[in-house]
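A.B. asks: File follows, start_10.cif with mmCIF, C-alpha atoms (C1' of nucleotides):
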```
data_final
loop_
_atom_site.label_atom_id
_atom_site.label_comp_id
_atom_site.auth_asym_id
_atom_site.auth_seq_id
_atom_site.Cartn_x
_atom_site.Cartn_y
_atom_site.Cartn_z
CA MET A 1 -17.04 -48.58 -50.30
CA ASP A 2 -20.61 -49.77 -50.57
CA VAL A 3 -23.36 -51.39 -48.54
CA LYS A 4 -21.55 -54.73 -48.64
CA THR A 5 -18.56 -53.24 -46.84
CA LEU A 6 -20.87 -51.54 -44.39
CA CYS A 7 -22.45 -54.90 -43.58
CA LEU A 8 -19.04 -56.49 -43.12
CA GLY A 9 -18.16 -53.69 -40.75
CA VAL A 10 -21.25 -54.08 -38.61
CA LEU A 11 -20.74 -57.84 -38.55
CA SER A 12 -17.14 -57.34 -37.38
CA MET A 13 -18.63 -56.06 -34.15
CA GLY A 14 -20.74 -59.18 -33.73
CA GLU A 15 -23.13 -61.37 -35.68
CA ALA A 16 -26.48 -59.97 -36.70
CA SER A 17 -29.46 -60.39 -38.98
CA GLY A 18 -30.19 -58.03 -41.84
CA TYR A 19 -32.84 -56.37 -39.77
CA GLU A 20 -30.46 -55.88 -36.86
CA ILE A 21 -27.78 -54.49 -39.15
CA LYS A 22 -30.21 -51.83 -40.29
CA LYS A 23 -31.05 -50.97 -36.68
CA ARG A 24 -27.41 -50.71 -35.70
CA LEU A 25 -26.74 -48.45 -38.65
CA GLU A 26 -29.63 -46.25 -37.58
CA ASP A 27 -28.34 -45.68 -34.09
CA GLY A 28 -24.67 -45.06 -34.35
CA PHE A 29 -24.03 -44.56 -38.07
CA SER A 30 -27.02 -42.76 -39.40
CA HIS A 31 -25.50 -39.28 -39.26
CA PHE A 32 -22.75 -40.19 -41.69
CA TYR A 33 -23.87 -43.24 -43.63
CA ASP A 34 -27.15 -45.01 -44.16
CA ALA A 35 -28.64 -47.89 -46.08
CA SER A 36 -32.10 -49.26 -46.69
CA PHE A 37 -33.41 -52.83 -46.40
CA GLY A 38 -33.61 -52.90 -50.16
CA SER A 39 -29.84 -52.66 -50.34
CA ILE A 40 -28.91 -54.58 -47.20
CA TYR A 41 -30.67 -57.86 -47.97
CA PRO A 42 -29.24 -58.24 -51.47
CA ALA A 43 -25.81 -57.25 -50.13
CA LEU A 44 -25.93 -60.00 -47.50
CA ASN A 45 -26.93 -62.60 -50.08
CA ARG A 46 -24.06 -61.62 -52.34
CA LEU A 47 -21.68 -61.63 -49.40
CA GLN A 48 -22.76 -65.16 -48.56
CA GLN A 49 -22.28 -66.33 -52.15
CA GLU A 50 -18.78 -64.88 -52.05
CA GLY A 51 -18.03 -66.75 -48.83
CA LEU A 52 -17.43 -63.58 -46.83
CA VAL A 53 -20.19 -64.31 -44.33
CA THR A 54 -21.91 -67.42 -43.03
CA CYS A 55 -25.61 -67.58 -42.43
CA ALA A 56 -27.41 -69.45 -39.66
CA PHE A 57 -31.15 -69.85 -39.96
CA GLU A 58 -33.01 -69.35 -36.72
CA ALA A 59 -36.65 -70.26 -36.36
CA GLN A 60 -38.39 -68.13 -33.76
CA SER A 61 -41.79 -68.52 -32.15
CA LYS A 62 -43.87 -65.34 -31.95
CA ARG A 63 -41.48 -63.61 -34.32
CA PRO A 64 -40.60 -64.09 -37.98
CA ASP A 65 -37.71 -66.40 -38.68
CA LYS A 66 -34.27 -64.91 -38.73
CA LYS A 67 -31.07 -65.33 -40.71
CA VAL A 68 -28.11 -64.55 -38.53
CA TYR A 69 -24.96 -63.65 -40.38
CA ALA A 70 -21.37 -63.85 -39.15
CA LEU A 71 -18.04 -62.84 -40.69
CA THR A 72 -15.75 -65.52 -42.08
CA ALA A 73 -11.96 -65.22 -42.07
CA ASP A 74 -12.18 -64.24 -45.74
CA GLY A 75 -14.81 -61.69 -44.85
CA LYS A 76 -12.61 -60.08 -42.27
CA LEU A 77 -9.77 -59.94 -44.79
CA ALA A 78 -12.03 -58.34 -47.36
CA LEU A 79 -13.15 -55.77 -44.80
CA VAL A 80 -9.59 -54.88 -43.85
CA ARG A 81 -8.62 -54.63 -47.50
CA GLU A 82 -11.54 -52.28 -48.16
CA LEU A 83 -10.72 -50.15 -45.13
CA ALA A 84 -7.08 -49.94 -46.22
CA THR A 85 -8.00 -48.27 -49.51
CA PRO A 86 -7.99 -44.49 -48.99
CA PRO A 87 -11.50 -43.21 -48.33
CA VAL A 88 -13.05 -41.02 -51.00
CA GLU A 89 -14.02 -37.51 -49.99
CA ASP A 90 -17.19 -37.09 -47.99
CA ARG A 91 -20.26 -36.74 -50.11
CA ILE A 92 -22.71 -34.30 -48.60
CA ARG A 93 -26.07 -33.44 -50.04
CA SER A 94 -27.81 -30.72 -48.11
CA GLU A 95 -31.09 -29.48 -49.50
CA PHE A 96 -31.26 -27.22 -46.48
CA LEU A 97 -28.15 -25.30 -47.52
CA VAL A 98 -29.33 -25.06 -51.11
CA THR A 99 -32.55 -23.56 -49.79
CA MET A 100 -30.61 -21.12 -47.63
CA LEU A 101 -28.53 -20.05 -50.60
CA PHE A 102 -31.70 -18.91 -52.34
CA ALA A 103 -33.40 -17.67 -49.19
CA ASP A 104 -34.10 -14.29 -50.78
CA LEU A 105 -36.64 -15.98 -53.06
CA LEU A 106 -38.66 -17.15 -50.04
CA PRO A 107 -40.68 -15.43 -47.31
CA ALA A 108 -38.36 -14.55 -44.42
CA GLY A 109 -40.80 -16.14 -41.97
CA TYR A 110 -40.59 -19.46 -43.76
CA VAL A 111 -36.80 -19.32 -43.75
CA GLY A 112 -36.92 -18.66 -40.02
CA GLU A 113 -39.16 -21.66 -39.47
CA LEU A 114 -36.79 -23.89 -41.41
CA ILE A 115 -33.90 -22.73 -39.25
CA ASP A 116 -35.89 -23.27 -36.06
CA GLN A 117 -36.75 -26.80 -37.17
CA ARG A 118 -33.18 -27.49 -38.11
CA ILE A 119 -31.87 -26.30 -34.75
CA ALA A 120 -34.46 -28.41 -32.94
CA GLU A 121 -33.70 -31.51 -35.01
CA HIS A 122 -29.95 -31.09 -34.59
CA GLY A 123 -30.54 -30.70 -30.87
CA ARG A 124 -32.34 -34.04 -30.73
CA VAL A 125 -29.59 -35.82 -32.66
CA LEU A 126 -26.98 -34.15 -30.49
CA ALA A 127 -28.66 -35.38 -27.33
CA ALA A 128 -28.81 -38.92 -28.70
CA LEU A 129 -25.13 -38.80 -29.65
CA THR A 130 -24.12 -37.42 -26.27
CA ASP A 131 -25.59 -40.49 -24.63
CA LYS A 132 -23.62 -42.71 -26.97
CA SER A 133 -20.28 -40.95 -26.81
CA CYS A 134 -19.80 -42.12 -23.21
CA ASP A 135 -19.60 -45.83 -23.84
CA GLY A 136 -18.42 -48.21 -26.53
CA THR A 137 -14.92 -48.66 -27.87
CA PRO A 138 -12.65 -45.63 -28.20
CA ALA A 139 -13.30 -45.70 -31.95
CA GLN A 140 -17.04 -45.60 -31.37
CA ARG A 141 -16.64 -42.70 -28.97
CA PHE A 142 -14.43 -40.95 -31.51
CA VAL A 143 -17.04 -41.21 -34.23
CA ALA A 144 -19.94 -40.28 -31.95
CA GLY A 145 -17.91 -37.37 -30.63
CA TYR A 146 -17.21 -36.22 -34.17
CA GLY A 147 -20.92 -36.10 -34.81
CA GLU A 148 -21.48 -34.20 -31.57
CA ALA A 149 -18.89 -31.62 -32.50
CA MET A 150 -20.46 -31.12 -35.93
CA TYR A 151 -24.02 -30.77 -34.70
CA ALA A 152 -23.01 -28.46 -31.87
CA ALA A 153 -21.07 -26.24 -34.27
CA ALA A 154 -23.99 -26.19 -36.70
CA ILE A 155 -26.45 -25.15 -34.00
CA LYS A 156 -24.17 -22.40 -32.80
CA TYR A 157 -23.58 -21.13 -36.31
CA LEU A 158 -27.28 -21.07 -37.11
CA GLN A 159 -28.09 -19.16 -33.94
CA ASP A 160 -25.33 -16.62 -34.47
CA ASN A 161 -25.83 -16.03 -38.18
CA ARG A 162 -29.47 -16.59 -39.05
CA HIS A 163 -29.98 -12.87 -39.44
CA LEU A 164 -28.05 -13.10 -42.71
CA VAL A 165 -30.94 -14.96 -44.34
CA GLU A 166 -33.83 -13.62 -42.28
CA SER A 167 -33.48 -9.88 -42.58
CA GLU A 168 -36.49 -8.74 -44.64
CA ALA A 169 -35.03 -5.37 -45.59
CA LEU A 170 -31.85 -6.90 -46.91
CA LEU A 171 -33.70 -9.57 -48.80
CA ALA A 172 -35.96 -7.09 -50.51
CA GLN A 173 -32.91 -5.11 -51.60
CA VAL A 174 -31.23 -8.19 -52.97
CA GLY A 175 -34.42 -9.00 -54.81
CA ARG A 176 -34.36 -5.62 -56.50
CA ASP A 177 -30.69 -5.92 -57.37
CA ARG A 178 -31.42 -9.21 -59.05
CA GLU A 179 -34.14 -7.73 -61.24
CA GLU A 180 -31.62 -5.25 -62.51
CA ASN A 181 -28.85 -7.69 -63.23
CA GLY A 182 -29.71 -11.23 -64.00
CA LEU A 183 -33.28 -12.23 -64.36
CA THR A 184 -34.61 -10.40 -67.39
CA PRO A 185 -36.38 -13.22 -69.24
CA ARG A 186 -34.47 -12.95 -72.49
CA GLY A 187 -32.80 -10.86 -75.13
CA THR A 188 -30.89 -8.40 -73.00
CA ARG A 189 -27.68 -10.32 -72.91
CA THR A 190 -24.44 -8.46 -73.33
CA ARG A 191 -20.90 -9.30 -72.13
CA GLU A 192 -19.42 -12.79 -72.14
CA ALA A 193 -20.35 -13.53 -75.72
CA SER A 194 -18.09 -13.80 -78.73
CA GLY A 195 -14.76 -13.81 -76.85
CA MET B 196 -34.55 -31.67 -55.19
CA ASP B 197 -32.34 -32.80 -58.02
CA VAL B 198 -29.81 -31.51 -60.52
CA LYS B 199 -32.55 -29.71 -62.44
CA THR B 200 -33.40 -27.59 -59.40
CA LEU B 201 -29.72 -26.98 -58.79
CA CYS B 202 -29.37 -25.65 -62.33
CA LEU B 203 -32.40 -23.42 -61.90
CA GLY B 204 -30.83 -22.09 -58.73
CA VAL B 205 -27.50 -21.28 -60.33
CA LEU B 206 -29.30 -19.65 -63.26
CA SER B 207 -31.32 -17.49 -60.85
CA MET B 208 -28.03 -15.76 -60.06
CA GLY B 209 -27.40 -15.06 -63.72
CA GLU B 210 -27.34 -16.81 -67.07
CA ALA B 211 -24.73 -19.44 -67.72
CA SER B 212 -23.73 -22.34 -69.92
CA GLY B 213 -23.69 -25.91 -68.67
CA TYR B 214 -19.95 -25.73 -68.32
CA GLU B 215 -20.16 -22.54 -66.29
CA ILE B 216 -22.86 -24.02 -64.05
CA LYS B 217 -20.54 -26.87 -63.21
CA LYS B 218 -17.72 -24.42 -62.41
CA ARG B 219 -19.97 -22.32 -60.19
CA LEU B 220 -21.11 -25.42 -58.35
CA GLU B 221 -17.51 -26.38 -57.80
CA ASP B 222 -16.52 -23.15 -56.16
CA GLY B 223 -19.29 -22.23 -53.82
CA PHE B 224 -21.45 -25.35 -53.58
CA SER B 225 -19.12 -28.26 -53.77
CA HIS B 226 -18.89 -28.86 -50.03
CA PHE B 227 -22.59 -29.57 -49.75
CA TYR B 228 -23.87 -30.52 -53.17
CA ASP B 229 -22.25 -31.53 -56.41
CA ALA B 230 -23.15 -32.66 -59.90
CA SER B 231 -21.27 -33.96 -62.91
CA PHE B 232 -21.49 -32.89 -66.56
CA GLY B 233 -23.24 -36.15 -67.24
CA SER B 234 -26.16 -34.99 -65.15
CA ILE B 235 -26.06 -31.25 -65.86
CA TYR B 236 -26.31 -31.38 -69.65
CA PRO B 237 -29.32 -33.70 -69.75
CA ALA B 238 -30.94 -31.64 -66.97
CA LEU B 239 -30.60 -28.45 -68.99
CA ASN B 240 -32.09 -30.07 -72.06
CA ARG B 241 -35.11 -31.29 -70.09
CA LEU B 242 -35.47 -27.88 -68.47
CA GLN B 243 -35.55 -26.29 -71.90
CA GLN B 244 -38.18 -28.75 -73.14
CA GLU B 245 -40.29 -27.87 -70.14
CA GLY B 246 -39.97 -24.18 -70.89
CA LEU B 247 -38.22 -23.40 -67.61
CA VAL B 248 -35.10 -22.04 -69.29
CA THR B 249 -34.31 -20.44 -72.61
CA CYS B 250 -31.20 -21.24 -74.56
CA ALA B 251 -29.13 -18.86 -76.66
CA PHE B 252 -26.54 -20.36 -78.96
CA GLU B 253 -23.30 -18.45 -79.01
CA ALA B 254 -20.65 -19.16 -81.61
CA GLN B 255 -17.21 -18.34 -80.31
CA SER B 256 -13.96 -18.05 -82.14
CA LYS B 257 -10.97 -19.75 -80.52
CA ARG B 258 -13.33 -21.61 -78.17
CA PRO B 259 -15.99 -24.25 -78.64
CA ASP B 260 -19.49 -22.92 -79.22
CA LYS B 261 -21.62 -22.26 -76.19
CA LYS B 262 -25.23 -22.61 -75.20
CA VAL B 263 -26.14 -19.94 -72.70
CA TYR B 264 -29.18 -20.67 -70.58
CA ALA B 265 -31.41 -18.21 -68.76
CA LEU B 266 -34.39 -18.64 -66.44
CA THR B 267 -37.88 -18.00 -67.75
CA ALA B 268 -40.69 -16.70 -65.55
CA ASP B 269 -41.99 -20.28 -65.34
CA GLY B 270 -38.53 -21.43 -64.38
CA LYS B 271 -38.33 -18.98 -61.54
CA LEU B 272 -41.75 -20.11 -60.34
CA ALA B 273 -40.67 -23.75 -60.49
CA LEU B 274 -37.54 -22.92 -58.52
CA VAL B 275 -39.49 -21.09 -55.83
CA ARG B 276 -42.00 -23.95 -55.63
CA GLU B 277 -39.15 -26.45 -55.21
CA LEU B 278 -37.45 -24.33 -52.57
CA ALA B 279 -40.74 -23.98 -50.70
CA THR B 280 -41.06 -27.73 -50.20
CA PRO B 281 -39.38 -28.64 -46.91
CA PRO B 282 -35.83 -29.85 -47.51
CA VAL B 283 -35.15 -33.52 -46.81
CA GLU B 284 -32.57 -34.29 -44.16
CA ASP B 285 -28.93 -33.94 -45.13
CA ARG B 286 -27.49 -37.03 -46.67
CA ILE B 287 -23.92 -37.56 -45.63
CA ARG B 288 -21.71 -40.35 -46.80
CA SER B 289 -18.34 -40.37 -45.09
CA GLU B 290 -16.04 -43.25 -45.88
CA PHE B 291 -13.53 -41.55 -43.62
CA LEU B 292 -15.74 -41.97 -40.56
CA VAL B 293 -16.56 -45.56 -41.45
CA THR B 294 -12.83 -46.19 -41.62
CA MET B 295 -12.32 -44.49 -38.25
CA LEU B 296 -15.04 -46.64 -36.69
CA PHE B 297 -13.02 -49.73 -37.57
CA ALA B 298 -9.64 -48.13 -36.95
CA ASP B 299 -8.62 -50.98 -34.65
CA LEU B 300 -8.45 -53.27 -37.69
CA LEU B 301 -5.80 -51.05 -39.28
CA PRO B 302 -2.19 -50.10 -38.45
CA ALA B 303 -2.20 -47.06 -36.15
CA GLY B 304 0.35 -45.36 -38.39
CA TYR B 305 -1.98 -45.58 -41.35
CA VAL B 306 -4.86 -44.19 -39.31
CA GLY B 307 -2.65 -41.30 -38.29
CA GLU B 308 -1.77 -40.58 -41.91
CA LEU B 309 -5.43 -40.54 -42.88
CA ILE B 310 -6.15 -38.03 -40.14
CA ASP B 311 -3.19 -35.86 -41.16
CA GLN B 312 -4.43 -35.85 -44.75
CA ARG B 313 -7.94 -35.04 -43.65
CA ILE B 314 -6.79 -32.12 -41.53
CA ALA B 315 -4.67 -30.80 -44.39
CA GLU B 316 -7.47 -31.15 -46.93
CA HIS B 317 -10.00 -29.53 -44.61
CA GLY B 318 -7.52 -26.72 -44.06
CA ARG B 319 -7.32 -26.09 -47.79
CA VAL B 320 -11.10 -26.03 -48.19
CA LEU B 321 -11.40 -23.80 -45.14
CA ALA B 322 -8.96 -21.28 -46.61
CA ALA B 323 -10.88 -21.23 -49.88
CA LEU B 324 -14.15 -20.69 -48.05
CA THR B 325 -12.72 -17.93 -45.90
CA ASP B 326 -11.91 -15.99 -49.04
CA LYS B 327 -15.45 -16.41 -50.26
CA SER B 328 -17.30 -15.65 -47.03
CA CYS B 329 -16.29 -12.00 -47.29
CA ASP B 330 -18.19 -11.11 -50.43
CA GLY B 331 -21.34 -12.09 -52.25
CA THR B 332 -24.91 -11.74 -51.04
CA PRO B 333 -25.69 -12.27 -47.35
CA ALA B 334 -27.12 -15.69 -48.27
CA GLN B 335 -23.89 -16.64 -50.00
CA ARG B 336 -21.90 -15.51 -46.99
CA PHE B 337 -24.23 -17.46 -44.73
CA VAL B 338 -23.68 -20.67 -46.66
CA ALA B 339 -19.93 -20.16 -47.00
CA GLY B 340 -19.73 -19.33 -43.31
CA TYR B 341 -21.64 -22.50 -42.48
CA GLY B 342 -19.02 -24.48 -44.34
CA GLU B 343 -16.24 -22.64 -42.58
CA ALA B 344 -17.75 -23.39 -39.19
CA MET B 345 -18.06 -27.08 -40.02
CA TYR B 346 -14.54 -27.50 -41.37
CA ALA B 347 -13.04 -25.55 -38.49
CA ALA B 348 -14.92 -27.66 -35.95
CA ALA B 349 -13.86 -30.85 -37.73
CA ILE B 350 -10.19 -29.86 -37.72
CA LYS B 351 -10.31 -28.96 -34.04
CA TYR B 352 -12.06 -32.19 -33.15
CA LEU B 353 -9.57 -34.29 -35.07
CA GLN B 354 -6.62 -32.59 -33.43
CA ASP B 355 -8.07 -32.93 -29.96
CA ASN B 356 -9.34 -36.50 -30.20
CA ARG B 357 -7.18 -38.39 -32.64
CA HIS B 358 -5.55 -40.26 -29.79
CA LEU B 359 -8.78 -42.24 -29.46
CA VAL B 360 -8.07 -44.04 -32.73
CA GLU B 361 -4.29 -43.88 -32.76
CA SER B 362 -3.27 -45.34 -29.42
CA GLU B 363 -1.52 -48.62 -30.25
CA ALA B 364 -1.88 -50.10 -26.78
CA LEU B 365 -5.61 -49.49 -26.69
CA LEU B 366 -6.10 -50.84 -30.17
CA ALA B 367 -4.26 -54.02 -29.41
CA GLN B 368 -6.44 -54.53 -26.35
CA VAL B 369 -9.61 -53.96 -28.34
CA GLY B 370 -8.32 -56.42 -30.90
CA ARG B 371 -7.93 -59.07 -28.24
CA ASP B 372 -11.36 -58.33 -26.77
CA ARG B 373 -12.85 -58.85 -30.20
CA GLU B 374 -11.24 -62.26 -30.61
CA GLU B 375 -12.88 -63.34 -27.39
CA ASN B 376 -16.33 -62.00 -28.19
CA GLY B 377 -17.36 -61.65 -31.74
CA LEU B 378 -15.16 -62.95 -34.43
CA THR B 379 -15.01 -66.70 -33.95
CA PRO B 380 -15.58 -67.90 -37.52
CA ARG B 381 -18.67 -70.01 -36.85
CA GLY B 382 -20.59 -72.42 -34.71
CA THR B 383 -20.12 -70.90 -31.28
CA ARG B 384 -23.31 -68.92 -31.27
CA THR B 385 -25.37 -68.82 -28.12
CA ARG B 386 -27.85 -66.18 -26.87
CA GLU B 387 -30.33 -64.37 -29.07
CA ALA B 388 -31.71 -67.53 -30.61
CA SER B 389 -35.12 -69.14 -30.21
CA GLY B 390 -36.76 -66.31 -28.26
"C1'" DT C 391 5.07 -32.05 -76.02
"C1'" DT C 392 2.21 -32.75 -72.59
"C1'" DA C 393 -1.44 -31.38 -69.92
"C1'" DT C 394 -5.23 -28.39 -69.01
"C1'" DC C 395 -8.93 -25.44 -70.25
"C1'" DC C 396 -12.85 -24.77 -72.89
"C1'" DA C 397 -17.39 -27.03 -74.46
"C1'" DT C 398 -21.31 -30.41 -75.30
"C1'" DG C 399 -23.19 -34.59 -75.40
"C1'" DT C 400 -24.41 -39.85 -75.15
"C1'" DA C 401 -24.47 -44.51 -73.53
"C1'" DA C 402 -23.71 -47.90 -70.33
"C1'" DG C 403 -23.75 -49.09 -65.95
"C1'" DA C 404 -23.48 -48.67 -60.78
"C1'" DA C 405 -25.84 -48.08 -56.69
"C1'" DG C 406 -29.36 -47.16 -54.28
"C1'" DT C 407 -34.45 -45.99 -53.00
"C1'" DT C 408 -39.36 -46.82 -52.89
"C1'" DA C 409 -43.04 -49.56 -52.96
"C1'" DC C 410 -44.93 -53.82 -52.62
"C1'" DA C 411 -45.87 -58.65 -50.77
"C1'" DT C 412 -46.53 -61.27 -46.45
"C1'" DG C 413 -48.00 -61.75 -41.63
"C1'" DA C 414 -47.99 -62.52 -36.44
"C1'" DT C 415 -47.45 -59.79 -32.08
"C1'" DT C 416 -47.81 -56.14 -29.11
"C1'" DG C 417 -48.63 -51.71 -27.17
"C1'" DA C 418 -51.38 -47.34 -27.12
"C1'" DT D 419 -58.50 -50.44 -33.68
"C1'" DC D 420 -54.56 -48.43 -35.26
"C1'" DA D 421 -49.85 -48.20 -35.54
"C1'" DA D 422 -45.44 -50.02 -34.76
"C1'" DT D 423 -42.07 -53.80 -34.30
"C1'" DC D 424 -40.09 -57.74 -36.06
"C1'" DA D 425 -38.42 -60.08 -40.43
"C1'" DT D 426 -37.07 -61.06 -45.42
"C1'" DG D 427 -37.23 -60.33 -49.98
"C1'" DT D 428 -38.12 -58.67 -55.04
"C1'" DA D 429 -38.99 -55.53 -58.83
"C1'" DA D 430 -39.36 -51.32 -60.80
"C1'" DC D 431 -37.53 -47.17 -60.89
"C1'" DT D 432 -34.62 -43.00 -60.15
"C1'" DT D 433 -30.60 -40.80 -60.12
"C1'" DC D 434 -26.18 -40.06 -60.86
"C1'" DT D 435 -21.35 -41.35 -62.31
"C1'" DT D 436 -17.91 -42.92 -65.52
"C1'" DA D 437 -16.15 -43.33 -69.71
"C1'" DC D 438 -16.12 -42.18 -74.22
"C1'" DA D 439 -16.29 -39.13 -78.53
"C1'" DT D 440 -14.58 -34.73 -80.44
"C1'" DG D 441 -11.14 -31.02 -80.99
"C1'" DG D 442 -8.87 -26.31 -81.01
"C1'" DA D 443 -6.18 -23.10 -77.85
"C1'" DT D 444 -2.96 -22.22 -74.59
"C1'" DA D 445 0.31 -22.59 -70.88
"C1'" DA D 446 4.16 -25.18 -68.61
#
```
Take the structure from the file and write it as C-alpha cells.

C.D. replies:
Amino acid sequence: MDVKTLCLGVLSMGEASGYEIKKRLEDGFSHFYDASFGSIYPALNRLQQEGLVTCAFEAQSKRPDKKVYALTADGKLALVRELATPPVEDRIRSEFLVTMLFADLLPAGYVGELIDQRIAEHGRVLAALTDKSCDGTPAQRFVAGYGEAMYAAAIKYLQDNRHLVESEALLAQVGRDREENGLTPRGTRTREASG
Amino acid sequence: MDVKTLCLGVLSMGEASGYEIKKRLEDGFSHFYDASFGSIYPALNRLQQEGLVTCAFEAQSKRPDKKVYALTADGKLALVRELATPPVEDRIRSEFLVTMLFADLLPAGYVGELIDQRIAEHGRVLAALTDKSCDGTPAQRFVAGYGEAMYAAAIKYLQDNRHLVESEALLAQVGRDREENGLTPRGTRTREASG
DNA sequence: TTATCCATGTAAGAAGTTACATGATTGA
DNA sequence: TCAATCATGTAACTTCTTACATGGATAA
C-alpha cells in the first residue's frame, strides 16, 4: 500500500482535488497514515495516466484553479484489489519512546516536561477524535474510535507510570550501575569473545 | 533521529556487534522502532568514522568473525545531544486501519478474518512484552509496559467494536448510499465548482 | 537434507520528505 | 503587515528496504 492507494481510498468517498485529499487525510487519517503534497500530486498524475482516476479542470475566480479527481470503474477495482491483499504489520516510529528508553541519560525535569507535553498533545488529538467518532459511516466511527482508545490508554499509562522514568534517585543509581558494567570506553572487554 | 542514534542507544546499554544490535532491537524495540541490517551496518561504519564508536575485531571459531562496537565518550555525548532534542511526533503507518476504513468495499467475512488475525497477533506480542516488563531497568519496564497497555487496549477495542465493520446489513446499505452519492464514474459533478 | 542461526557487507531501488517556485485572497 | 489559506507542481535529497553475495555450524 502506498500513497496512490490512499488517494484512491479518499476518492472512493467522493471526488476531490489533491489539496482536498491532503486536508481529508489530515483530519481523519493523520493519526495512522499521512502523506505530503510532494507525494500526493505525483501519485494523482500517475493514477490518471493509468486510467484509475479522471480529472476535471475547474477554473475558479479568487482562488487558484483546481483539478478535481474522481475514481473510474478501473480505479475502484484497483482499490478493492489493494485492500484485499493482507495488510502488512503496522509500522510505528516513536522517537518519544526511544527517548524514554534512555531517560536515565537526561535530566529528570526534562523527561517530565516531555511527558507533560505528550499528555497534553494526546489530549488535544483525543478531543478532536471524540468529535469525529459520533458521525460518519460505521467504518469511520470504528477507525476514529480506535484512535480514541489508543490515545486514552496512552494518557492513562503515562499518568500512572511516569515515575518509572522520572525518579531522580533511581536514575542516578542506574547511571552508576552503567559505569560499572557497560560504558568503559575501551579495552576492558571480557566474556562473549572467542566462543 | 535515525538508525545511527538507535545504534548509539543500544550500545549505551553495552557493547554489541551489528548482528546483536539488530537482535536487541527486535526483542524490546520492535513494536515502536525497527531497522534492517542494510541500514545498521552502514550506520555503524559511519559512526566509527566519526569517532563515536570503537570497533574491536573478534575472530571466532565455528562462527563468522565479529566486529564488536562500543561507545566512545564522544559517542555518548552525541547520543545525549540527540536525545535532548525534542522528539518528533510518532509516525504510524497502519495498513490495517486503512483497510478497516474501507471495509464496506470488502466481504464481511474477510474483514472478520483480518480482525481475528490482528487480535491473535497482538495477543502474541502482548504475551512477549508481559514477560519483558518484569525485569530490566525502570526505563525498560516503562517502555515495555507502554507497549503492553497499547496492545491490550487495541485488543479490547477490536473485540468490543468489530461489529461496526462486520455487519453485513449495514455494509450493504452503505454500499448503496455510495452508489447514489459519490461513485458515478464521471460527468455528474455539481457543487463545489466555480466558487 | 533442509532450514535456520550466525555474521558482514554492498548495490540498486523504492518511497517519501523538504524546500522551492508562483501568487491572489483574506483574516488578525 | 504578517501569516495563513488555497492550489499545483518539480527537483534534490534522505532514508530505508530488498535482494544479493558468501559460507560454516547446527538442529529438525

A.B. asks: I need the output of the PyMOL selection byres ((chain D) within 7 of (chain B)) for this file as a list in words; which residues are they?

C.D. replies: DC434, DG442 and DA443 of chain D

A.B. asks: So how far away is CA of Asp222 in chain B from CA of Leu266 in chain B, in Å?

C.D. replies: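 These two atoms are separated by 21.1 Å.
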
A.B. asks: Could the residues of chain A within 6 Å of chain B, counting all atoms listed in the file, be given as a VMD selection string, please?

C.D. replies: chain A and resid 14 32 to 33 60 72 83 87 90 to 96 99 101 138 to 140 164 to 165 182 185 194

A.B. asks: Find the distance between CA of Asn240 in chain B and C1' of DG406 in chain C and write it in Å to one decimal.

C.D. replies: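 Interatomic distance here is 24.8 Å.
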
A.B. asks: Quick one: which residues from chain C are at most 8 Å off chain A, using all atoms listed in the file, as a ChimeraX atom specification?

C.D. replies: /C:406-407,414-415

A.B. asks: What does the distance from C1' of DA411 in chain C to CA of Lys67 in chain A come to in Å, to one decimal?

C.D. replies: 19.1 Å

A.B. asks: Evaluate the PyMOL selection byres ((chain C and resi 401) around 10) against this structure - the residues, as a tab-separated table (two decimals) with C-alpha atoms (C1' of nucleotides), in the frame of the given file, please.

C.D. replies:
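Saved to result_9.tsv:
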```
chain	number	residue	atom	x	y	z
C	400	DT	C1'	-24.41	-39.85	-75.15
C	402	DA	C1'	-23.71	-47.90	-70.33
C	403	DG	C1'	-23.75	-49.09	-65.95
D	437	DA	C1'	-16.15	-43.33	-69.71
D	438	DC	C1'	-16.12	-42.18	-74.22
```

A.B. asks: Could you give me, as an MDAnalysis selection string, the residues within 12 Å of DA446 in chain D, counting all atoms listed in the file and dropping anything in the same chain fewer than 5 positions from it?

C.D. replies: chainID C and resid 391:394

A.B. asks: What would the selection look like, as a short mmCIF file (atom, residue, chain, number, x, y, z; two decimals) with C-alpha atoms (C1' of nucleotides), keeping the file's coordinate frame, if the PyMOL selection byres ((chain D and resi 428) around 10) were run on the coordinates I just shared?

C.D. replies:
```
data_model
loop_
_atom_site.label_atom_id
_atom_site.label_comp_id
_atom_site.auth_asym_id
_atom_site.auth_seq_id
_atom_site.Cartn_x
_atom_site.Cartn_y
_atom_site.Cartn_z
CA GLY A 38 -33.61 -52.90 -50.16
CA PRO A 42 -29.24 -58.24 -51.47
"C1'" DC C 410 -44.93 -53.82 -52.62
"C1'" DA C 411 -45.87 -58.65 -50.77
"C1'" DT D 426 -37.07 -61.06 -45.42
"C1'" DG D 427 -37.23 -60.33 -49.98
"C1'" DA D 429 -38.99 -55.53 -58.83
"C1'" DA D 430 -39.36 -51.32 -60.80
#
```

A.B. asks: May I have the residues within 12 Å of DT440 in chain D as a list in words, using all atoms listed in the file and disregarding those fewer than 3 positions away in the same chain?

C.D. replies: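 These residues fall inside the cut-off: Pro259 of chain B; DA397, DT398 and DG399 of chain C.
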